[in-house]
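The file data12.csv contains CSV, C-alpha atoms and all ligand atoms:
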chain,number,residue,atom,x,y,z
A,1,MET,CA,87.3,106.2,92.5
A,2,ARG,CA,83.9,107.2,91.0
A,3,LEU,CA,81.2,107.3,93.7
A,4,ASP,CA,78.6,104.5,93.3
A,5,ASP,CA,75.4,106.4,94.2
A,6,THR,CA,73.0,103.6,93.3
A,7,PRO,CA,70.1,103.8,95.8
A,8,THR,CA,70.4,101.1,98.4
A,9,PRO,CA,73.2,99.3,96.4
A,10,HIS,CA,72.9,96.2,98.7
A,11,LEU,CA,69.5,95.4,97.1
A,12,PHE,CA,70.9,95.2,93.5
A,13,PRO,CA,73.4,92.9,91.9
A,14,PRO,CA,76.4,93.0,91.8
A,15,TYR,CA,76.1,92.8,95.6
A,16,PRO,CA,79.1,94.7,97.0
A,17,MET,CA,81.4,92.7,99.2
A,18,ALA,CA,81.7,93.5,102.8
A,19,ILE,CA,84.7,95.5,104.0
A,20,GLU,CA,87.6,93.0,104.3
A,21,ILE,CA,89.7,92.8,107.4
A,22,LYS,CA,93.3,92.3,106.4
A,23,SER,CA,95.7,90.1,108.4
A,24,PRO,CA,99.0,91.6,109.7
A,25,ARG,CA,100.8,89.7,106.8
A,26,GLU,CA,98.4,91.2,104.2
A,27,ILE,CA,99.0,94.6,105.7
A,28,GLU,CA,102.7,94.2,105.4
A,29,ALA,CA,102.3,93.2,101.8
A,30,ILE,CA,100.2,96.3,101.1
A,31,ARG,CA,102.9,98.3,102.9
A,32,VAL,CA,105.5,97.1,100.4
A,33,SER,CA,103.5,98.1,97.4
A,34,SER,CA,102.6,101.4,99.1
A,35,GLN,CA,106.2,102.2,99.8
A,36,MET,CA,107.0,101.5,96.1
A,37,ALA,CA,104.4,104.0,95.1
A,38,ALA,CA,105.6,106.5,97.7
A,39,GLU,CA,109.2,106.2,96.6
A,40,THR,CA,108.2,106.7,92.9
A,41,LEU,CA,106.2,109.8,93.9
A,42,CYS,CA,109.3,111.2,95.7
A,43,LEU,CA,111.4,110.6,92.5
A,44,VAL,CA,108.8,112.3,90.3
A,45,ALA,CA,109.0,115.3,92.5
A,46,GLU,CA,112.7,115.7,91.6
A,47,MET,CA,111.9,115.9,87.8
A,48,LEU,CA,109.1,118.5,88.0
A,49,ARG,CA,109.9,121.9,86.4
A,50,PRO,CA,108.4,124.2,83.8
A,51,GLY,CA,108.9,122.8,80.3
A,52,ILE,CA,108.4,119.1,81.0
A,53,THR,CA,105.3,117.3,79.6
A,54,THR,CA,102.9,115.0,81.5
A,55,GLU,CA,103.9,112.3,79.1
A,56,GLU,CA,107.5,112.5,80.4
A,57,ILE,CA,106.1,112.0,83.9
A,58,ASN,CA,104.2,108.9,82.6
A,59,THR,CA,107.3,107.5,81.0
A,60,PHE,CA,109.3,107.9,84.3
A,61,VAL,CA,106.5,106.4,86.5
A,62,HIS,CA,106.2,103.5,84.2
A,63,GLN,CA,109.9,102.7,84.0
A,64,ASP,CA,110.5,103.3,87.7
A,65,THR,CA,107.5,101.0,88.7
A,66,VAL,CA,108.7,98.2,86.4
A,67,ARG,CA,112.3,98.6,87.6
A,68,ARG,CA,111.0,97.7,91.1
A,69,GLY,CA,109.3,94.5,89.7
A,70,ALA,CA,105.9,96.1,90.1
A,71,ILE,CA,103.1,96.9,87.6
A,72,PRO,CA,101.5,100.4,87.3
A,73,SER,CA,97.9,99.7,88.4
A,74,PRO,CA,96.3,102.4,86.2
A,75,LEU,CA,97.6,101.0,82.9
A,76,ASN,CA,94.6,99.4,81.2
A,77,TYR,CA,92.5,99.7,84.3
A,78,HIS,CA,88.9,99.9,82.9
A,79,GLY,CA,90.7,101.0,79.7
A,80,PHE,CA,92.8,103.8,81.2
A,81,PRO,CA,95.5,104.3,78.6
A,82,LYS,CA,98.5,105.4,80.7
A,83,SER,CA,100.5,104.3,83.8
A,84,VAL,CA,99.8,107.3,86.1
A,85,CYS,CA,97.2,110.1,86.4
A,86,THR,CA,98.4,113.6,86.0
A,87,SER,CA,95.8,116.3,86.8
A,88,VAL,CA,96.7,119.9,86.1
A,89,ASN,CA,95.0,123.0,87.5
A,90,GLU,CA,91.2,122.6,86.9
A,91,VAL,CA,91.6,118.9,86.4
A,92,VAL,CA,90.1,117.2,89.5
A,93,CYS,CA,91.4,113.7,88.9
A,94,HIS,CA,92.1,111.0,86.2
A,95,GLY,CA,94.1,113.4,83.9
A,96,ILE,CA,95.7,111.4,81.1
A,97,PRO,CA,99.4,112.1,80.4
A,98,CYS,CA,99.9,113.7,77.0
A,99,ASP,CA,102.2,116.3,75.3
A,100,ARG,CA,100.9,119.1,77.5
A,101,ILE,CA,103.9,121.2,78.7
A,102,LEU,CA,103.9,122.3,82.3
A,103,LYS,CA,104.3,126.0,82.8
A,104,ASP,CA,105.3,128.3,85.6
A,105,GLY,CA,102.3,128.7,88.1
A,106,ASP,CA,100.6,125.4,87.2
A,107,ILE,CA,99.7,122.9,90.0
A,108,ILE,CA,99.7,119.2,89.2
A,109,ASN,CA,98.5,116.2,91.1
A,110,VAL,CA,100.5,113.0,90.3
A,111,ASP,CA,98.6,109.9,91.4
A,112,ILE,CA,100.7,106.7,91.5
A,113,THR,CA,99.5,103.1,92.2
A,114,SER,CA,101.9,100.2,92.3
A,115,PHE,CA,100.8,96.5,92.1
A,116,TYR,CA,103.4,94.1,93.6
A,117,ASN,CA,103.2,90.6,94.9
A,118,GLY,CA,99.4,90.6,94.5
A,119,PHE,CA,98.7,93.9,96.3
A,120,HIS,CA,98.1,97.5,95.4
A,121,GLY,CA,99.4,100.7,97.1
A,122,ASP,CA,98.0,104.1,96.1
A,123,THR,CA,99.2,107.6,96.8
A,124,SER,CA,99.1,111.1,95.3
A,125,ALA,CA,100.3,114.6,95.9
A,126,THR,CA,99.8,118.0,94.3
A,127,PHE,CA,103.0,119.9,93.2
A,128,TYR,CA,103.9,123.5,92.4
A,129,ILE,CA,105.4,124.2,89.0
A,130,GLY,CA,107.5,127.3,89.5
A,131,GLU,CA,105.9,130.1,91.6
A,132,PRO,CA,102.3,129.5,92.6
A,133,SER,CA,99.6,132.2,92.6
A,134,ALA,CA,98.0,132.9,96.0
A,135,GLU,CA,94.9,130.9,94.8
A,136,ALA,CA,97.0,127.9,93.8
A,137,LYS,CA,98.8,127.9,97.1
A,138,HIS,CA,95.5,128.2,99.0
A,139,VAL,CA,93.7,125.3,97.4
A,140,THR,CA,96.7,123.1,97.5
A,141,GLU,CA,97.4,123.7,101.2
A,142,VAL,CA,93.7,123.3,102.1
A,143,ALA,CA,93.8,119.9,100.3
A,144,ARG,CA,97.0,118.8,102.1
A,145,LYS,CA,95.5,119.8,105.5
A,146,SER,CA,92.2,118.1,104.6
A,147,LEU,CA,93.9,114.8,104.2
A,148,GLU,CA,95.8,115.2,107.5
A,149,LEU,CA,92.6,116.0,109.3
A,150,GLY,CA,90.8,113.0,107.7
A,151,ILE,CA,93.6,110.7,108.7
A,152,ALA,CA,93.5,112.0,112.3
A,153,GLU,CA,89.9,110.7,112.6
A,154,VAL,CA,91.0,107.1,111.9
A,155,LYS,CA,90.9,104.7,114.9
A,156,GLU,CA,89.0,101.6,116.0
A,157,GLY,CA,85.4,102.4,116.7
A,158,ALA,CA,85.3,105.7,114.8
A,159,ARG,CA,83.0,105.9,111.8
A,160,LEU,CA,83.5,106.6,108.1
A,161,GLY,CA,81.4,109.7,108.4
A,162,ASP,CA,83.8,111.2,110.9
A,163,ILE,CA,86.5,111.3,108.2
A,164,GLY,CA,84.3,113.1,105.7
A,165,ALA,CA,82.8,115.4,108.3
A,166,ALA,CA,86.3,116.5,109.5
A,167,ILE,CA,87.4,117.2,105.9
A,168,GLN,CA,84.2,119.0,104.8
A,169,GLN,CA,84.1,121.2,107.9
A,170,PHE,CA,87.7,122.4,107.5
A,171,ALA,CA,87.6,122.8,103.7
A,172,GLU,CA,84.4,124.7,103.6
A,173,ALA,CA,85.6,127.0,106.5
A,174,GLN,CA,88.5,127.8,104.2
A,175,GLN,CA,86.0,128.9,101.4
A,176,CYS,CA,86.8,125.8,99.4
A,177,SER,CA,84.4,122.9,98.3
A,178,VAL,CA,84.7,119.1,98.5
A,179,VAL,CA,84.2,117.0,95.4
A,180,ARG,CA,81.3,114.5,95.8
A,181,GLN,CA,81.6,112.4,92.7
A,182,PHE,CA,84.9,110.7,93.6
A,183,VAL,CA,85.7,109.0,96.9
A,184,GLY,CA,88.5,107.1,98.7
A,185,HIS,CA,88.3,103.3,98.6
A,186,GLY,CA,89.3,100.1,100.2
A,187,ILE,CA,92.4,98.6,98.6
A,188,GLY,CA,94.3,95.4,98.8
A,189,ARG,CA,94.2,92.5,96.2
A,190,LYS,CA,91.9,94.9,94.3
A,191,PHE,CA,92.7,98.5,93.3
A,192,HIS,CA,89.2,99.6,94.4
A,193,GLU,CA,87.1,97.6,96.9
A,194,PRO,CA,84.7,98.5,99.7
A,195,PRO,CA,84.3,100.8,101.6
A,196,GLN,CA,83.7,104.0,99.7
A,197,VAL,CA,85.3,106.8,101.7
A,198,ALA,CA,83.4,110.0,101.1
A,199,HIS,CA,85.3,113.3,101.9
A,200,TYR,CA,82.1,114.9,103.1
A,201,GLY,CA,79.5,113.7,105.5
A,202,THR,CA,78.1,113.5,109.0
A,203,ARG,CA,79.9,112.6,112.2
A,204,GLY,CA,78.7,109.4,113.8
A,205,LYS,CA,77.3,108.0,110.5
A,206,GLY,CA,78.6,105.3,108.3
A,207,ASP,CA,80.4,102.0,108.9
A,208,ARG,CA,82.5,101.6,112.1
A,209,LEU,CA,86.3,101.4,111.5
A,210,ARG,CA,87.9,98.1,112.6
A,211,PRO,CA,91.5,97.2,113.0
A,212,GLY,CA,92.7,95.6,109.7
A,213,MET,CA,90.6,97.7,107.4
A,214,VAL,CA,92.8,99.3,104.7
A,215,PHE,CA,91.5,102.2,102.6
A,216,THR,CA,92.6,105.4,100.9
A,217,ILE,CA,91.7,108.9,101.9
A,218,GLU,CA,92.1,111.2,98.9
A,219,PRO,CA,90.2,114.5,99.2
A,220,MET,CA,89.7,116.5,96.0
A,221,ILE,CA,89.3,120.2,97.1
A,222,ASN,CA,88.0,122.9,94.7
A,223,LEU,CA,88.5,126.7,94.9
A,224,GLY,CA,85.0,127.2,93.5
A,225,GLY,CA,82.1,124.9,93.4
A,226,TRP,CA,82.2,121.1,94.0
A,227,GLU,CA,80.6,120.2,90.7
A,228,VAL,CA,82.7,118.1,88.3
A,229,GLU,CA,82.3,117.1,84.7
A,230,VAL,CA,84.0,114.4,82.7
A,231,LEU,CA,85.5,115.3,79.3
A,232,ASP,CA,84.9,113.5,76.1
A,233,ASP,CA,87.9,111.2,76.7
A,234,ASP,CA,85.7,109.6,79.4
A,235,TRP,CA,88.4,110.0,82.0
A,236,THR,CA,89.5,113.6,82.6
A,237,ALA,CA,87.4,115.1,85.4
A,238,VAL,CA,87.4,118.9,85.5
A,239,THR,CA,85.7,121.4,87.8
A,240,ARG,CA,82.5,122.6,86.1
A,241,ASP,CA,83.5,126.3,86.8
A,242,ARG,CA,87.1,125.5,85.6
A,243,LYS,CA,88.5,126.9,88.9
A,244,LEU,CA,91.5,125.1,90.5
A,245,SER,CA,91.3,121.8,92.2
A,246,ALA,CA,94.0,120.0,94.4
A,247,GLN,CA,94.3,116.5,95.9
A,248,PHE,CA,96.4,114.4,98.2
A,249,GLU,CA,96.1,110.7,98.9
A,250,HIS,CA,97.4,108.1,101.3
A,251,THR,CA,96.7,104.4,101.8
A,252,ILE,CA,95.9,103.9,105.5
A,253,ALA,CA,95.5,100.8,107.8
A,254,VAL,CA,93.2,101.1,110.8
A,255,THR,CA,94.9,100.0,114.0
A,256,LYS,CA,93.6,99.6,117.6
A,257,SER,CA,95.1,102.9,118.7
A,258,GLY,CA,94.7,104.9,115.5
A,259,PHE,CA,96.2,104.7,112.0
A,260,ASP,CA,99.2,103.4,110.1
A,261,ILE,CA,100.0,105.5,106.9
A,262,LEU,CA,101.3,102.7,104.6
A,263,THR,CA,102.3,105.3,101.9
A,264,LYS,CA,104.2,107.5,104.5
A,265,ARG,CA,107.2,109.4,103.1
A,266,PHE,CA,110.3,109.9,105.1
A,267,ALA,CA,111.5,113.2,103.7
A,268,PRO,CA,109.6,116.4,102.7
A,269,LEU,CA,108.2,116.1,99.2
A,270,LYS,CA,110.1,118.4,96.8
A,271,HIS,CA,108.0,121.1,95.0
A,272,SER,CA,105.1,120.3,97.3
A,273,GLU,CA,105.9,120.2,101.1
A,274,ILE,CA,107.5,123.7,100.9
A,275,TYR,CA,105.1,125.8,103.1
A,276,PRO,CA,105.2,123.9,106.4
A,277,ASN,CA,103.7,126.8,108.3
A,278,PHE,CA,100.8,127.7,106.0
A,279,PHE,CA,98.4,126.5,108.7
A,280,PRO,CA,100.4,126.9,111.9
A,281,ALA,CA,99.9,124.0,114.3
A,282,SER,CA,97.6,125.2,117.1
A,301,LIG,N1,94.6,106.3,91.6
A,301,LIG,C1,93.2,106.7,91.4
A,301,LIG,C2,92.6,106.6,92.8
A,301,LIG,O1,93.1,107.2,93.7
A,301,LIG,C3,92.5,105.8,90.5
A,301,LIG,C4,93.0,105.9,89.1
A,301,LIG,S1,92.1,104.9,88.1
A,301,LIG,C5,92.8,105.1,86.6
A,301,LIG,O2,91.7,105.9,93.1
A,301,LIG,F1,92.3,104.3,85.8
A,301,LIG,F2,92.5,106.4,86.2
A,301,LIG,F3,94.0,105.0,86.7
A,302,CO,CO,95.2,107.2,93.6
A,303,CO,CO,92.9,106.0,95.3
The structure in this file should be written as structure tokens.
Amino acid sequence: MRLDDTPTPHLFPPYPMAIEIKSPREIEAIRVSSQMAAETLCLVAEMLRPGITTEEINTFVHQDTVRRGAIPSPLNYHGFPKSVCTSVNEVVCHGIPCDRILKDGDIINVDITSFYNGFHGDTSATFYIGEPSAEAKHVTEVARKSLELGIAEVKEGARLGDIGAAIQQFAEAQQCSVVRQFVGHGIGRKFHEPPQVAHYGTRGKGDRLRPGMVFTIEPMINLGGWEVEVLDDDWTAVTRDRKLSAQFEHTIAVTKSGFDILTKRFAPLKHSEIYPNFFPAS
């Protein structure tokens, strides 16, 4: 979601709500919606190849979501015209599906949110179309690892800033940059609710994490600078230098001992999780 950088936002209406603590039953409901989104994402992976259009991805996501009895949350959200976000190459996020044909060497983030039984679940991944360049592979694998490192910070008593700091420290050490203008978000009965989860920041700062908080972590990682601009369609966010950007997203619940990835997948993601040793586990 777009960062709200209003100075001291608590002083101005509309006063943001506090971070909601979800009950175990609410968390199970968010898990159901989240697993729908995750399963749809796995099925999208199967259809990706050079020659398809982002509109074909939209049609599939829409139909697969509705087939499950769910609603695609993006459709008509603040006027968004499609059922999924498809963000190719220099597009950072909020790419609008259209007749653009995917070609060999492209990278594409597909961001799926399902609304079912009153709750949203939100997840995304970046995929390789055909053979990636070394640059495409680098930014995509840095983004994947950034999400993993952010998630690893989540546990009762940690702070929101710990998540951002872990991501920023890793991504910048890999000669990449972290987008500032878009952040992760609380999720539940609303698509976007408090807290804002920045993917940059300072360890020890920010709200304390409490069991029952549910939010997304969704780092957008750029090969060049972090600056973003929004195109004239008022949605498509691109890197200002038009260099590549990649993103991964999970919906996470905070637990006493750590985290629960509500959008967890149970098999490697086709056309995405294909370089398991890019950053060897140390
Ligand atoms: N799924 C995006 C996110 O991760 C939000 C998309 S809003 C839309 O927060 F309107 F563009 F769909
Ligand atoms: Co999303
Ligand atoms: Co999100």
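Inspection of the environment of ligand LIG 301 (chain A), which uses only C-alpha atoms and all ligand atoms and a cut-off of 7 Å, identifies the neighbouring residues as Met1, Ser73, Pro74, Leu75, Tyr77, His78, Phe80, Val84, Cys85, His94, Asp111, Ile112, Thr113, Asp122, Thr123, Gly184, His185, His192, Glu218, Trp235 and Glu249 of chain A.
CA of Asn58 (chain A) sits 20.0 Å away from CA of Leu231 (chain A).
Around Asn89 (chain A), within 8 Å and counting only C-alpha atoms, the residues found are A:Asp106, A:Ile107, A:Ile108, A:Lys243, A:Leu244, A:Ser245, A:Ala246, once anything fewer than 4 positions away on its own chain is removed.
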For C-alpha atoms, I'd like the residues from the last selection saved as a CSV table (one decimal), in the coordinates of the input.
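Wrote it out as part_6.csv, contents follow:
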chain,number,residue,atom,x,y,z
A,106,ASP,CA,100.6,125.4,87.2
A,107,ILE,CA,99.7,122.9,90.0
A,108,ILE,CA,99.7,119.2,89.2
A,243,LYS,CA,88.5,126.9,88.9
A,244,LEU,CA,91.5,125.1,90.5
A,245,SER,CA,91.3,121.8,92.2
A,246,ALA,CA,94.0,120.0,94.4
Residue among A:Ile101, A:Ile163, A:Ala136, A:Ala253 lying closest to Glu148 (chain A), counting all atoms listed in the file: A:Ile163
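The spacing separating CA of Tyr275 (chain A) from CA of Ser87 (chain A) amounts to 21.0 Å.
Take the candidates A:Phe215, A:Phe119, A:Tyr200, A:Phe60 and check each one against ligand CO 302 (chain A) using all atoms listed in the file; the shortest distance goes to A:Phe215.
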